[in-house]
file upload37.pdb (PDB, C-alpha atoms)
ATOM      1  CA  MET A   1    -115.662 -77.013  33.980
ATOM      2  CA  ASP A   2    -112.472 -76.518  36.021
ATOM      3  CA  THR A   3    -109.388 -74.896  34.550
ATOM      4  CA  ILE A   4    -107.472 -78.144  33.887
ATOM      5  CA  LYS A   5    -110.428 -79.764  32.141
ATOM      6  CA  LEU A   6    -111.066 -76.608  30.128
ATOM      7  CA  SER A   7    -107.416 -76.408  29.080
ATOM      8  CA  THR A   8    -107.498 -80.036  27.936
ATOM      9  CA  HIS A   9    -110.775 -79.510  26.100
ATOM     10  CA  LEU A  10    -109.478 -76.452  24.245
ATOM     11  CA  ALA A  11    -106.242 -78.149  23.210
ATOM     12  CA  GLN A  12    -107.967 -81.319  22.020
ATOM     13  CA  ALA A  13    -110.846 -79.603  20.199
ATOM     14  CA  TRP A  14    -108.808 -76.773  18.653
ATOM     15  CA  PRO A  15    -109.591 -76.749  14.926
ATOM     16  CA  GLU A  16    -107.010 -78.258  12.599
ATOM     17  CA  ASN A  17    -107.885 -75.856   9.784
ATOM     18  CA  CYS A  18    -106.810 -72.759  11.723
ATOM     19  CA  VAL A  19    -104.195 -70.374  10.302
ATOM     20  CA  GLY A  20    -100.943 -70.280  12.262
ATOM     21  CA  GLY A  21    -102.750 -71.523  15.348
ATOM     22  CA  ILE A  22    -105.353 -68.756  15.057
ATOM     23  CA  ALA A  23    -109.051 -69.609  14.955
ATOM     24  CA  THR A  24    -112.211 -67.568  14.601
ATOM     25  CA  THR A  25    -115.306 -67.900  16.738
ATOM     26  CA  ALA A  26    -117.046 -69.715  13.875
ATOM     27  CA  MET A  27    -114.175 -72.222  13.625
ATOM     28  CA  LEU A  28    -114.236 -72.851  17.374
ATOM     29  CA  LEU A  29    -118.009 -73.345  17.498
ATOM     30  CA  ALA A  30    -117.785 -75.757  14.555
ATOM     31  CA  SER A  31    -115.134 -77.784  16.383
ATOM     32  CA  GLY A  32    -117.264 -78.134  19.507
ATOM     33  CA  ILE A  33    -115.901 -75.291  21.630
ATOM     34  CA  SER A  34    -118.895 -73.354  22.981
ATOM     35  CA  ASP A  35    -119.263 -69.613  23.493
ATOM     36  CA  LYS A  36    -119.116 -70.269  27.240
ATOM     37  CA  ALA A  37    -115.848 -72.187  26.871
ATOM     38  CA  ILE A  38    -114.367 -69.363  24.776
ATOM     39  CA  THR A  39    -115.358 -66.756  27.368
ATOM     40  CA  SER A  40    -114.002 -68.886  30.223
ATOM     41  CA  GLY A  41    -110.808 -69.601  28.275
ATOM     42  CA  VAL A  42    -110.073 -65.902  27.918
ATOM     43  CA  LYS A  43    -110.968 -65.223  31.562
ATOM     44  CA  GLU A  44    -108.690 -68.030  32.777
ATOM     45  CA  HIS A  45    -105.846 -66.887  30.447
ATOM     46  CA  LEU A  46    -106.009 -70.132  28.483
ATOM     47  CA  LEU A  47    -106.847 -68.184  25.318
ATOM     48  CA  VAL A  48    -105.533 -64.899  23.943
ATOM     49  CA  ARG A  49    -108.107 -62.773  22.156
ATOM     50  CA  LEU A  50    -106.310 -61.233  19.173
ATOM     51  CA  HIS A  51    -109.261 -59.336  17.803
ATOM     52  CA  ARG A  52    -113.022 -59.439  18.196
ATOM     53  CA  GLY A  53    -113.772 -62.973  16.999
ATOM     54  CA  SER A  54    -110.234 -64.418  16.711
ATOM     55  CA  TYR A  55    -108.219 -66.370  19.279
ATOM     56  CA  ILE A  56    -105.011 -68.295  19.847
ATOM     57  CA  LEU A  57    -104.130 -70.767  22.596
ATOM     58  CA  THR A  58    -102.002 -69.114  25.286
ATOM     59  CA  PRO A  59     -99.088 -71.611  25.067
ATOM     60  CA  ALA A  60     -98.866 -70.979  21.328
ATOM     61  CA  TRP A  61     -98.944 -67.211  21.916
ATOM     62  CA  LEU A  62     -96.206 -67.388  24.537
ATOM     63  CA  GLY A  63     -94.022 -69.315  22.090
ATOM     64  CA  LEU A  64     -94.109 -66.510  19.518
ATOM     65  CA  LYS A  65     -91.375 -63.907  19.135
ATOM     66  CA  PRO A  66     -92.497 -60.253  19.425
ATOM     67  CA  TRP A  67     -92.655 -59.713  15.653
ATOM     68  CA  GLU A  68     -94.508 -63.006  15.224
ATOM     69  CA  ARG A  69     -97.113 -61.791  17.702
ATOM     70  CA  GLU A  70     -97.604 -58.623  15.636
ATOM     71  CA  ASP A  71     -98.159 -60.775  12.570
ATOM     72  CA  ALA A  72    -100.591 -63.003  14.492
ATOM     73  CA  ILE A  73    -102.653 -59.963  15.500
ATOM     74  CA  LEU A  74    -102.880 -58.938  11.843
ATOM     75  CA  THR A  75    -103.919 -62.466  10.862
ATOM     76  CA  GLY A  76    -106.590 -62.450  13.568
ATOM     77  CA  HIS A  77    -108.007 -59.221  12.185
ATOM     78  CA  ILE A  78    -108.055 -60.522   8.619
ATOM     79  CA  LEU A  79    -109.758 -63.779   9.564
ATOM     80  CA  ALA A  80    -112.455 -62.253  11.767
ATOM     81  CA  SER A  81    -113.127 -58.644  10.847
ATOM     82  CA  ASN A  82    -114.699 -58.701   7.343
ATOM     83  CA  SER A  83    -113.261 -55.212   6.968
ATOM     84  CA  GLN A  84    -114.476 -53.146   4.010
ATOM     85  CA  GLY A  85    -111.234 -51.175   3.886
ATOM     86  CA  VAL A  86    -107.819 -51.787   2.355
ATOM     87  CA  TYR A  87    -104.916 -53.064   4.443
ATOM     88  CA  SER A  88    -102.215 -50.404   4.309
ATOM     89  CA  HIS A  89     -99.082 -48.969   5.925
ATOM     90  CA  SER A  90     -97.220 -51.458   8.153
ATOM     91  CA  SER A  91    -100.055 -54.018   7.850
ATOM     92  CA  ALA A  92     -99.614 -54.026   4.072
ATOM     93  CA  ALA A  93     -95.840 -54.160   4.505
ATOM     94  CA  ARG A  94     -96.224 -57.321   6.606
ATOM     95  CA  LEU A  95     -98.493 -58.890   4.002
ATOM     96  CA  HIS A  96     -95.876 -58.101   1.335
ATOM     97  CA  GLY A  97     -93.255 -59.832   3.498
ATOM     98  CA  LEU A  98     -91.301 -56.663   4.298
ATOM     99  CA  ALA A  99     -89.439 -56.038   7.555
ATOM    100  CA  THR A 100     -91.472 -53.770   9.832
ATOM    101  CA  TRP A 101     -89.160 -52.985  12.728
ATOM    102  CA  GLY A 102     -90.638 -50.707  15.368
ATOM    103  CA  THR A 103     -94.040 -50.175  13.756
ATOM    104  CA  GLY A 104     -96.012 -51.990  16.462
ATOM    105  CA  ALA A 105     -99.024 -54.266  16.327
ATOM    106  CA  VAL A 106    -101.619 -51.688  15.235
ATOM    107  CA  VAL A 107    -103.632 -52.857  12.219
ATOM    108  CA  HIS A 108    -103.876 -50.178   9.523
ATOM    109  CA  ILE A 109    -106.956 -49.886   7.314
ATOM    110  CA  THR A 110    -107.430 -47.236   4.609
ATOM    111  CA  HIS A 111    -110.766 -46.105   3.164
ATOM    112  CA  GLY A 112    -111.393 -43.761   0.282
ATOM    113  CA  TYR A 113    -113.842 -41.825   2.443
ATOM    114  CA  ALA A 114    -114.065 -40.742   6.077
ATOM    115  CA  PRO A 115    -115.253 -43.954   7.758
ATOM    116  CA  GLY A 116    -114.851 -43.043  11.399
ATOM    117  CA  SER A 117    -113.413 -45.518  13.868
ATOM    118  CA  ARG A 118    -116.639 -47.134  15.095
ATOM    119  CA  GLY A 119    -116.848 -50.831  14.382
ATOM    120  CA  HIS A 120    -113.108 -51.265  13.861
ATOM    121  CA  GLY A 121    -112.261 -52.076  17.466
ATOM    122  CA  ALA A 122    -109.184 -51.349  19.556
ATOM    123  CA  GLY A 123    -105.768 -51.649  18.010
ATOM    124  CA  VAL A 124    -106.939 -50.533  14.562
ATOM    125  CA  ALA A 125    -105.853 -47.271  12.888
ATOM    126  CA  VAL A 126    -108.236 -46.008  10.214
ATOM    127  CA  HIS A 127    -106.948 -43.755   7.427
ATOM    128  CA  GLU A 128    -108.799 -41.743   4.805
ATOM    129  CA  GLN A 129    -107.000 -41.641   1.471
ATOM    130  CA  ARG A 130    -107.972 -42.225  -2.126
ATOM    131  CA  ILE A 131    -106.165 -45.242  -3.541
ATOM    132  CA  ASP A 132    -105.906 -45.603  -7.285
ATOM    133  CA  PRO A 133    -107.119 -48.979  -8.591
ATOM    134  CA  ASP A 134    -103.694 -49.788 -10.043
ATOM    135  CA  GLN A 135    -102.234 -49.499  -6.536
ATOM    136  CA  LEU A 136    -104.419 -52.267  -5.125
ATOM    137  CA  VAL A 137    -103.577 -55.960  -5.032
ATOM    138  CA  MET A 138    -105.445 -58.943  -3.597
ATOM    139  CA  MET A 139    -103.507 -61.109  -1.151
ATOM    140  CA  GLN A 140    -104.273 -64.304   0.750
ATOM    141  CA  ARG A 141    -103.987 -64.918   4.460
ATOM    142  CA  GLY A 142    -105.185 -68.453   4.970
ATOM    143  CA  PRO A 143    -108.594 -68.883   3.296
ATOM    144  CA  VAL A 144    -109.274 -65.136   3.182
ATOM    145  CA  SER A 145    -108.467 -62.866   0.240
ATOM    146  CA  VAL A 146    -108.128 -59.173   1.140
ATOM    147  CA  PRO A 147    -107.313 -55.914  -0.683
ATOM    148  CA  VAL A 148    -103.868 -54.538   0.086
ATOM    149  CA  THR A 149    -102.022 -51.462  -1.118
ATOM    150  CA  SER A 150     -99.340 -52.252  -3.710
ATOM    151  CA  MET A 151     -95.768 -52.532  -2.508
ATOM    152  CA  ALA A 152     -94.882 -49.117  -3.956
ATOM    153  CA  GLN A 153     -97.942 -47.469  -2.373
ATOM    154  CA  THR A 154     -97.157 -49.211   0.899
ATOM    155  CA  VAL A 155     -93.552 -47.982   1.015
ATOM    156  CA  LEU A 156     -94.614 -44.387   0.345
ATOM    157  CA  ASP A 157     -97.472 -44.521   2.874
ATOM    158  CA  CYS A 158     -95.067 -45.837   5.522
ATOM    159  CA  ALA A 159     -92.587 -43.075   4.689
ATOM    160  CA  ARG A 160     -95.328 -40.483   5.205
ATOM    161  CA  LEU A 161     -96.378 -41.983   8.545
ATOM    162  CA  TYR A 162     -93.207 -43.181  10.275
ATOM    163  CA  ASP A 163     -89.888 -41.594  11.137
ATOM    164  CA  LEU A 164     -86.849 -42.099   8.899
ATOM    165  CA  GLU A 165     -85.485 -45.082  10.813
ATOM    166  CA  ARG A 166     -88.656 -47.138  10.525
ATOM    167  CA  SER A 167     -89.446 -46.157   6.948
ATOM    168  CA  VAL A 168     -85.907 -46.885   5.732
ATOM    169  CA  VAL A 169     -86.089 -50.426   7.140
ATOM    170  CA  ILE A 170     -89.210 -50.977   5.021
ATOM    171  CA  GLY A 171     -87.888 -49.127   1.957
ATOM    172  CA  ASP A 172     -84.526 -50.895   1.918
ATOM    173  CA  HIS A 173     -86.254 -54.270   2.074
ATOM    174  CA  ALA A 174     -88.627 -53.339  -0.756
ATOM    175  CA  LEU A 175     -85.670 -52.449  -2.983
ATOM    176  CA  ARG A 176     -83.985 -55.743  -2.080
ATOM    177  CA  THR A 177     -87.055 -57.597  -3.350
ATOM    178  CA  GLY A 178     -86.604 -55.904  -6.737
ATOM    179  CA  LEU A 179     -88.900 -52.871  -6.515
ATOM    180  CA  PRO A 180     -87.193 -50.194  -8.676
ATOM    181  CA  ILE A 181     -86.467 -46.890  -6.993
ATOM    182  CA  GLN A 182     -87.693 -45.174 -10.181
ATOM    183  CA  VAL A 183     -91.180 -46.597  -9.609
ATOM    184  CA  LEU A 184     -91.287 -45.043  -6.150
ATOM    185  CA  GLN A 185     -89.972 -41.706  -7.408
ATOM    186  CA  LYS A 186     -92.511 -41.553 -10.228
ATOM    187  CA  GLN A 187     -95.408 -42.532  -7.996
ATOM    188  CA  LEU A 188     -94.495 -39.920  -5.397
ATOM    189  CA  ALA A 189     -94.246 -37.233  -8.090
ATOM    190  CA  LEU A 190     -97.704 -38.112  -9.433
ATOM    191  CA  SER A 191     -99.358 -38.683  -6.069
ATOM    192  CA  HIS A 192    -102.335 -36.556  -5.054
ATOM    193  CA  VAL A 193    -101.334 -37.077  -1.399
ATOM    194  CA  LYS A 194     -99.321 -34.060  -0.276
ATOM    195  CA  ARG A 195     -99.181 -34.576   3.477
ATOM    196  CA  GLY A 196     -95.918 -36.295   4.429
ATOM    197  CA  SER A 197     -94.344 -35.752   0.991
ATOM    198  CA  ALA A 198     -91.188 -34.230   2.494
ATOM    199  CA  ARG A 199     -90.734 -37.324   4.677
ATOM    200  CA  ALA A 200     -91.228 -39.568   1.665
ATOM    201  CA  ARG A 201     -88.670 -37.651  -0.408
ATOM    202  CA  ARG A 202     -86.165 -37.894   2.426
ATOM    203  CA  MET A 203     -86.711 -41.641   2.654
ATOM    204  CA  LEU A 204     -86.289 -42.068  -1.118
ATOM    205  CA  ALA A 205     -83.005 -40.179  -1.003
ATOM    206  CA  PHE A 206     -81.730 -42.538   1.687
ATOM    207  CA  ILE A 207     -82.865 -46.082   0.902
ATOM    208  CA  ASP A 208     -80.362 -48.551  -0.497
ATOM    209  CA  PRO A 209     -80.873 -52.205  -1.523
ATOM    210  CA  SER A 210     -77.345 -53.002  -0.303
ATOM    211  CA  SER A 211     -78.565 -52.980   3.297
ATOM    212  CA  GLU A 212     -79.246 -56.651   3.917
ATOM    213  CA  SER A 213     -81.206 -56.497   7.170
ATOM    214  CA  ALA A 214     -83.236 -54.231   9.411
ATOM    215  CA  GLY A 215     -80.192 -53.907  11.666
ATOM    216  CA  GLU A 216     -78.027 -52.669   8.806
ATOM    217  CA  SER A 217     -80.721 -50.221   7.735
ATOM    218  CA  ARG A 218     -80.999 -48.844  11.255
ATOM    219  CA  SER A 219     -77.207 -48.587  11.466
ATOM    220  CA  ARG A 220     -77.092 -46.432   8.327
ATOM    221  CA  VAL A 221     -79.750 -44.079   9.655
ATOM    222  CA  PHE A 222     -77.870 -43.860  12.945
ATOM    223  CA  ILE A 223     -74.548 -43.043  11.243
ATOM    224  CA  ALA A 224     -76.165 -40.285   9.205
ATOM    225  CA  GLY A 225     -77.879 -38.831  12.272
ATOM    226  CA  ALA A 226     -74.650 -38.903  14.267
ATOM    227  CA  LYS A 227     -72.881 -36.833  11.576
ATOM    228  CA  ILE A 228     -70.306 -39.582  11.063
ATOM    229  CA  PRO A 229     -68.886 -40.054   7.528
ATOM    230  CA  MET A 230     -70.951 -42.722   5.774
ATOM    231  CA  PRO A 231     -68.949 -45.914   5.142
ATOM    232  CA  ASP A 232     -69.230 -48.045   2.024
ATOM    233  CA  LEU A 233     -71.704 -50.928   2.192
ATOM    234  CA  GLN A 234     -71.046 -54.634   1.562
ATOM    235  CA  VAL A 235     -67.319 -54.131   0.967
ATOM    236  CA  GLU A 236     -65.492 -57.137  -0.496
ATOM    237  CA  ILE A 237     -61.935 -57.656   0.733
ATOM    238  CA  ARG A 238     -59.580 -60.317  -0.643
ATOM    239  CA  THR A 239     -57.538 -62.256   1.928
ATOM    240  CA  ARG A 240     -55.298 -65.328   1.872
ATOM    241  CA  HIS A 241     -58.376 -67.478   2.500
ATOM    242  CA  GLY A 242     -60.524 -65.908  -0.176
ATOM    243  CA  LEU A 243     -62.941 -63.045  -0.506
ATOM    244  CA  HIS A 244     -64.581 -61.682   2.640
ATOM    245  CA  ARG A 245     -67.383 -59.156   2.809
ATOM    246  CA  ALA A 246     -67.919 -56.515   5.481
ATOM    247  CA  ASP A 247     -71.283 -54.927   6.284
ATOM    248  CA  PHE A 248     -69.723 -51.450   6.359
ATOM    249  CA  ALA A 249     -66.162 -50.260   5.865
ATOM    250  CA  TRP A 250     -64.245 -47.011   5.850
ATOM    251  CA  ARG A 251     -61.675 -48.196   3.292
ATOM    252  CA  GLU A 252     -59.178 -45.384   3.786
ATOM    253  CA  TYR A 253     -58.992 -46.089   7.517
ATOM    254  CA  ARG A 254     -59.173 -49.894   7.272
ATOM    255  CA  LEU A 255     -62.038 -49.844   9.736
ATOM    256  CA  ILE A 256     -64.958 -52.277   9.537
ATOM    257  CA  LEU A 257     -68.345 -51.868  11.198
ATOM    258  CA  GLU A 258     -70.287 -55.114  11.582
ATOM    259  CA  PHE A 259     -73.879 -55.387  12.710
ATOM    260  CA  ASP A 260     -74.126 -58.638  14.653
ATOM    261  CA  GLY A 261     -77.671 -59.872  14.282
ATOM    262  CA  TRP A 262     -76.188 -63.388  14.658
ATOM    263  CA  ALA A 263     -78.781 -64.944  12.366
ATOM    264  CA  LYS A 264     -76.422 -64.343   9.434
ATOM    265  CA  TYR A 265     -73.864 -66.594  11.121
ATOM    266  CA  PHE A 266     -76.122 -69.394  12.296
ATOM    267  CA  LEU A 267     -78.929 -69.559   9.742
ATOM    268  CA  TYR A 268     -77.190 -71.821   7.245
ATOM    269  CA  ARG A 269     -74.486 -73.542   9.336
ATOM    270  CA  PRO A 270     -74.225 -75.282  12.720
ATOM    271  CA  THR A 271     -73.253 -72.890  15.533
ATOM    272  CA  ALA A 272     -69.703 -74.247  16.104
ATOM    273  CA  GLU A 273     -68.884 -74.164  12.394
ATOM    274  CA  ALA A 274     -70.276 -70.647  11.993
ATOM    275  CA  LEU A 275     -68.253 -69.323  14.935
ATOM    276  CA  THR A 276     -65.061 -70.948  13.660
ATOM    277  CA  MET A 277     -65.515 -69.463  10.205
ATOM    278  CA  GLU A 278     -66.242 -66.009  11.610
ATOM    279  CA  ARG A 279     -63.116 -66.124  13.815
ATOM    280  CA  GLN A 280     -60.987 -67.122  10.822
ATOM    281  CA  ARG A 281     -62.528 -64.353   8.737
ATOM    282  CA  GLU A 282     -61.696 -61.778  11.395
ATOM    283  CA  LYS A 283     -58.107 -63.053  11.719
ATOM    284  CA  ASP A 284     -57.615 -62.855   7.954
ATOM    285  CA  LEU A 285     -58.791 -59.264   7.869
ATOM    286  CA  MET A 286     -56.781 -58.216  10.924
ATOM    287  CA  GLU A 287     -53.644 -59.589   9.256
ATOM    288  CA  LEU A 288     -54.249 -57.017   6.517
ATOM    289  CA  GLY A 289     -54.523 -54.206   9.061
ATOM    290  CA  TRP A 290     -58.297 -54.018   9.344
ATOM    291  CA  ARG A 291     -59.893 -53.223  12.694
ATOM    292  CA  PHE A 292     -63.431 -53.992  13.792
ATOM    293  CA  ILE A 293     -66.317 -52.299  15.545
ATOM    294  CA  ARG A 294     -69.093 -54.765  16.310
ATOM    295  CA  ILE A 295     -72.541 -53.484  17.213
ATOM    296  CA  THR A 296     -75.821 -55.132  18.204
ATOM    297  CA  TRP A 297     -79.477 -54.168  18.580
ATOM    298  CA  ARG A 298     -78.724 -53.073  22.135
ATOM    299  CA  ASP A 299     -76.000 -50.662  20.983
ATOM    300  CA  LEU A 300     -78.464 -48.921  18.661
ATOM    301  CA  ASN A 301     -80.636 -48.195  21.698
ATOM    302  CA  ASP A 302     -77.818 -46.088  23.225
ATOM    303  CA  PRO A 303     -76.936 -43.789  20.318
ATOM    304  CA  VAL A 304     -74.760 -41.336  22.255
ATOM    305  CA  ALA A 305     -72.452 -44.093  23.545
ATOM    306  CA  LEU A 306     -72.344 -45.749  20.129
ATOM    307  CA  ALA A 307     -71.506 -42.490  18.355
ATOM    308  CA  THR A 308     -68.635 -41.977  20.813
ATOM    309  CA  ARG A 309     -67.288 -45.478  20.100
ATOM    310  CA  ILE A 310     -67.343 -45.054  16.336
ATOM    311  CA  ARG A 311     -65.903 -41.548  16.380
ATOM    312  CA  SER A 312     -63.109 -42.672  18.716
ATOM    313  CA  ALA A 313     -62.232 -45.559  16.413
ATOM    314  CA  LEU A 314     -62.181 -43.292  13.362
ATOM    315  CA  LEU A 315     -60.027 -40.697  15.130
ATOM    316  CA  ALA A 316     -57.591 -43.412  16.231
ATOM    317  CA  ALA A 317     -57.377 -44.534  12.607
ATOM    318  CA  GLY A 318     -56.422 -41.020  11.497
ATOM    319  CA  ALA A 319     -59.766 -39.551  10.451
ATOM    320  CA  LYS A 320     -60.311 -35.802  10.769
ATOM    321  CA  LEU A 321     -63.804 -35.370  12.165
ATOM    322  CA  PRO A 322     -65.688 -32.168  12.944
ATOM    323  CA  MET A 323     -66.665 -31.442  16.511
ATOM    324  CA  VAL A 324     -70.307 -32.368  17.185
ATOM    325  CA  ARG A 325     -72.714 -32.075  20.066
ATOM    326  CA  THR A 326     -73.192 -35.182  22.173
ATOM    327  CA  THR A 327     -76.785 -35.713  21.068
ATOM    328  CA  VAL A 328     -77.676 -37.835  18.054
ATOM    329  CA  SER A 329     -80.426 -36.589  15.767
ATOM    330  CA  LEU A 330     -82.290 -38.790  13.307
TER     331      LEU A 330
END

call {"tool": "encode", "arguments": {"input": "upload37.pdb", "output": "structure tokens"}}
result
Amino acid sequence: MDTIKLSTHLAQAWPENCVGGIATTAMLLASGISDKAITSGVKEHLLVRLHRGSYILTPAWLGLKPWEREDAILTGHILASNSQGVYSHSSAARLHGLATWGTGAVVHITHGYAPGSRGHGAGVAVHEQRIDPDQLVMMQRGPVSVPVTSMAQTVLDCARLYDLERSVVIGDHALRTGLPIQVLQKQLALSHVKRGSARARRMLAFIDPSSESAGESRSRVFIAGAKIPMPDLQVEIRTRHGLHRADFAWREYRLILEFDGWAKYFLYRPTAEALTMERQREKDLMELGWRFIRITWRDLNDPVALATRIRSALLAAGAKLPMVRTTVSL
């Protein structure tokens, strides 16, 4: 079968009962796609193999955003692996619907004994850790029900594994969903897991439900690492056109720091309307003497330059800042 015919065959026969465009070998065979066609599809780059026994059509894969691809890889593992372990760390965070910036596509599985890595395949991290029964929940991904660490266990496990920036993104989001900080504090105090406890305590001292996005969480970690005075979060300011809210503000210096993820402007309104409203908001605040620093994902990737910008703006506004080295430590 030539490539064009194979591509047509795969698209037409692709099972309708797949999950997010992802199908297992058993689903494909049942829909009339043979083992030979699957092998040829991967070889000809018509199929992407997500995990041993799970696939997605290449056009569908190419249409996914990076974080959607990470989620697809996890789904492929769940559908095809029949794992005996518990989904944990960033994999559990994804299943709980938490933001997982920077954690990558590795699938995390935890066992209560030393299982070794054989049989888990590439792209799977295996952990040994006893998990109390009350810290396990069952969750669905398509037709499959799998054991997952509880949200509290997940947040603490991520804090033990990842650096502060990545764990705060997850922890902030968990608090926004309603997970009480006291639950995390109590569970950490009672935990039999000692490795990574210092990291977890540091994360607990830092997380804040007022951070409304991964970008805002990363910004807070950056500000702390740059030894810049921490601004207030979600500051409400009354103007002649009503109440406006700033992501971050140093009130005494009338300086606002906005993280522009853009989704917050365009998610609920047409683009032109959103831009007009944002321009009016900025004019209203500038009339009251407020100045703005706007940052994006790209700015956070150049911390030295960003620290210089923010410090310069604060100094111009009259802040007295200590001298610091030009490096930024997180």

call {"tool": "resolve_selection", "arguments": {"input": "upload37.pdb", "expression": "the PyMOL selection byres ((chain A and resi 174-176) around 9)", "output": "list in words"}}
result
Ala93, His96, Leu98, Ala99, Met151, Ala152, Val155, Val169, Ile170, Gly171, Asp172, His173, Thr177, Gly178, Leu179, Pro180, Ile181, Ile207, Asp208, Pro209, Ser210, Ser211 and Glu212 of chain A

call {"tool": "resolve_selection", "arguments": {"input": "upload37.pdb", "expression": "the PyMOL selection byres ((chain A and resi 290) around 12)", "output": "short mmCIF file (atom, residue, chain, number, x, y, z; two decimals) with C-alpha atoms, keeping the file's coordinate frame"}}
result
data_model
loop_
_atom_site.label_atom_id
_atom_site.label_comp_id
_atom_site.auth_asym_id
_atom_site.auth_seq_id
_atom_site.Cartn_x
_atom_site.Cartn_y
_atom_site.Cartn_z
CA ILE A 237 -61.94 -57.66 0.73
CA ARG A 238 -59.58 -60.32 -0.64
CA THR A 239 -57.54 -62.26 1.93
CA HIS A 244 -64.58 -61.68 2.64
CA ALA A 246 -67.92 -56.52 5.48
CA ALA A 249 -66.16 -50.26 5.86
CA TRP A 250 -64.24 -47.01 5.85
CA ARG A 251 -61.68 -48.20 3.29
CA GLU A 252 -59.18 -45.38 3.79
CA TYR A 253 -58.99 -46.09 7.52
CA ARG A 254 -59.17 -49.89 7.27
CA LEU A 255 -62.04 -49.84 9.74
CA ILE A 256 -64.96 -52.28 9.54
CA LEU A 257 -68.34 -51.87 11.20
CA ARG A 281 -62.53 -64.35 8.74
CA GLU A 282 -61.70 -61.78 11.40
CA LYS A 283 -58.11 -63.05 11.72
CA ASP A 284 -57.62 -62.86 7.95
CA LEU A 285 -58.79 -59.26 7.87
CA MET A 286 -56.78 -58.22 10.92
CA GLU A 287 -53.64 -59.59 9.26
CA LEU A 288 -54.25 -57.02 6.52
CA GLY A 289 -54.52 -54.21 9.06
CA ARG A 291 -59.89 -53.22 12.69
CA PHE A 292 -63.43 -53.99 13.79
CA ILE A 293 -66.32 -52.30 15.54
CA ALA A 313 -62.23 -45.56 16.41
CA ALA A 317 -57.38 -44.53 12.61
#

call {"tool": "axis_aligned_box", "arguments": {"input": "upload37.pdb", "around": "segment 121-136 of chain A", "padding_each_side": "3 Å", "output": "lines of an AutoDock Vina configuration file"}}
result
center_x = -107.2
center_y = -47.0
center_z = 4.8
size_x = 16.0
size_y = 16.6
size_z = 35.6

call {"tool": "closest_atom_pairs", "arguments": {"input": "upload37.pdb", "of": "segment 104-154 of chain A", "to": "segment 70-86 of chain A", "cutoff": "6 Å", "atoms": "all atoms listed in the file", "output": "CSV"}}
result
residue,atom,partner,partner_atom,distance
A:Ala105,CA,A:Glu70,CA,4.6
A:Ile109,CA,A:Val86,CA,5.4
A:Thr110,CA,A:Val86,CA,5.1
A:His111,CA,A:Gly85,CA,5.1
A:Pro147,CA,A:Val86,CA,5.1
A:Val148,CA,A:Val86,CA,5.3

call {"tool": "write_last_selection", "arguments": {"input": "upload37.pdb", "atoms": "C-alpha atoms", "output": "PDB file, in the coordinates of the input"}}
result
ATOM      1  CA  ALA A 105     -99.024 -54.266  16.327  1.00  0.00           C
ATOM      2  CA  ILE A 109    -106.956 -49.886   7.314  1.00  0.00           C
ATOM      3  CA  THR A 110    -107.430 -47.236   4.609  1.00  0.00           C
ATOM      4  CA  HIS A 111    -110.766 -46.105   3.164  1.00  0.00           C
ATOM      5  CA  PRO A 147    -107.313 -55.914  -0.683  1.00  0.00           C
ATOM      6  CA  VAL A 148    -103.868 -54.538   0.086  1.00  0.00           C
TER       7      VAL A 148
END

call {"tool": "atom_distance", "arguments": {"input": "upload37.pdb", "atom1": "atom CA of Asn17 of chain A", "atom2": "atom CA of His45 of chain A"}}
result
22.6 Å

call {"tool": "atom_distance", "arguments": {"input": "upload37.pdb", "atom1": "atom CA of Lys186 of chain A", "atom2": "atom CA of His127 of chain A"}}
result
22.9 Å

call {"tool": "residues_around", "arguments": {"input": "upload37.pdb", "residues": "segment 200-206 of chain A", "least_positions_apart": "3", "cutoff": "6 Å", "atoms": "all atoms listed in the file", "output": "ChimeraX atom specification"}}
result
/A:159-160,197

call {"tool": "atom_distance", "arguments": {"input": "upload37.pdb", "atom1": "atom CA of Ser150 of chain A", "atom2": "atom CA of Ser90 of chain A"}}
result
12.1 Å

call {"tool": "closest_residue", "arguments": {"input": "upload37.pdb", "among": "A:Pro143, A:Pro229, A:Gly215, A:Gly102", "to": "Glu258 of chain A", "atoms": "only C-alpha atoms"}}
result
A:Gly215

call {"tool": "resolve_selection", "arguments": {"input": "upload37.pdb", "expression": "the PyMOL selection byres ((chain A and resi 33) around 10)", "output": "list in words"}}
result
Leu6, His9, Leu10, Gln12, Ala13, Trp14, Pro15, Thr25, Ala26, Met27, Leu28, Leu29, Ala30, Ser31, Gly32, Ser34, Asp35, Lys36, Ala37 and Ile38 of chain A
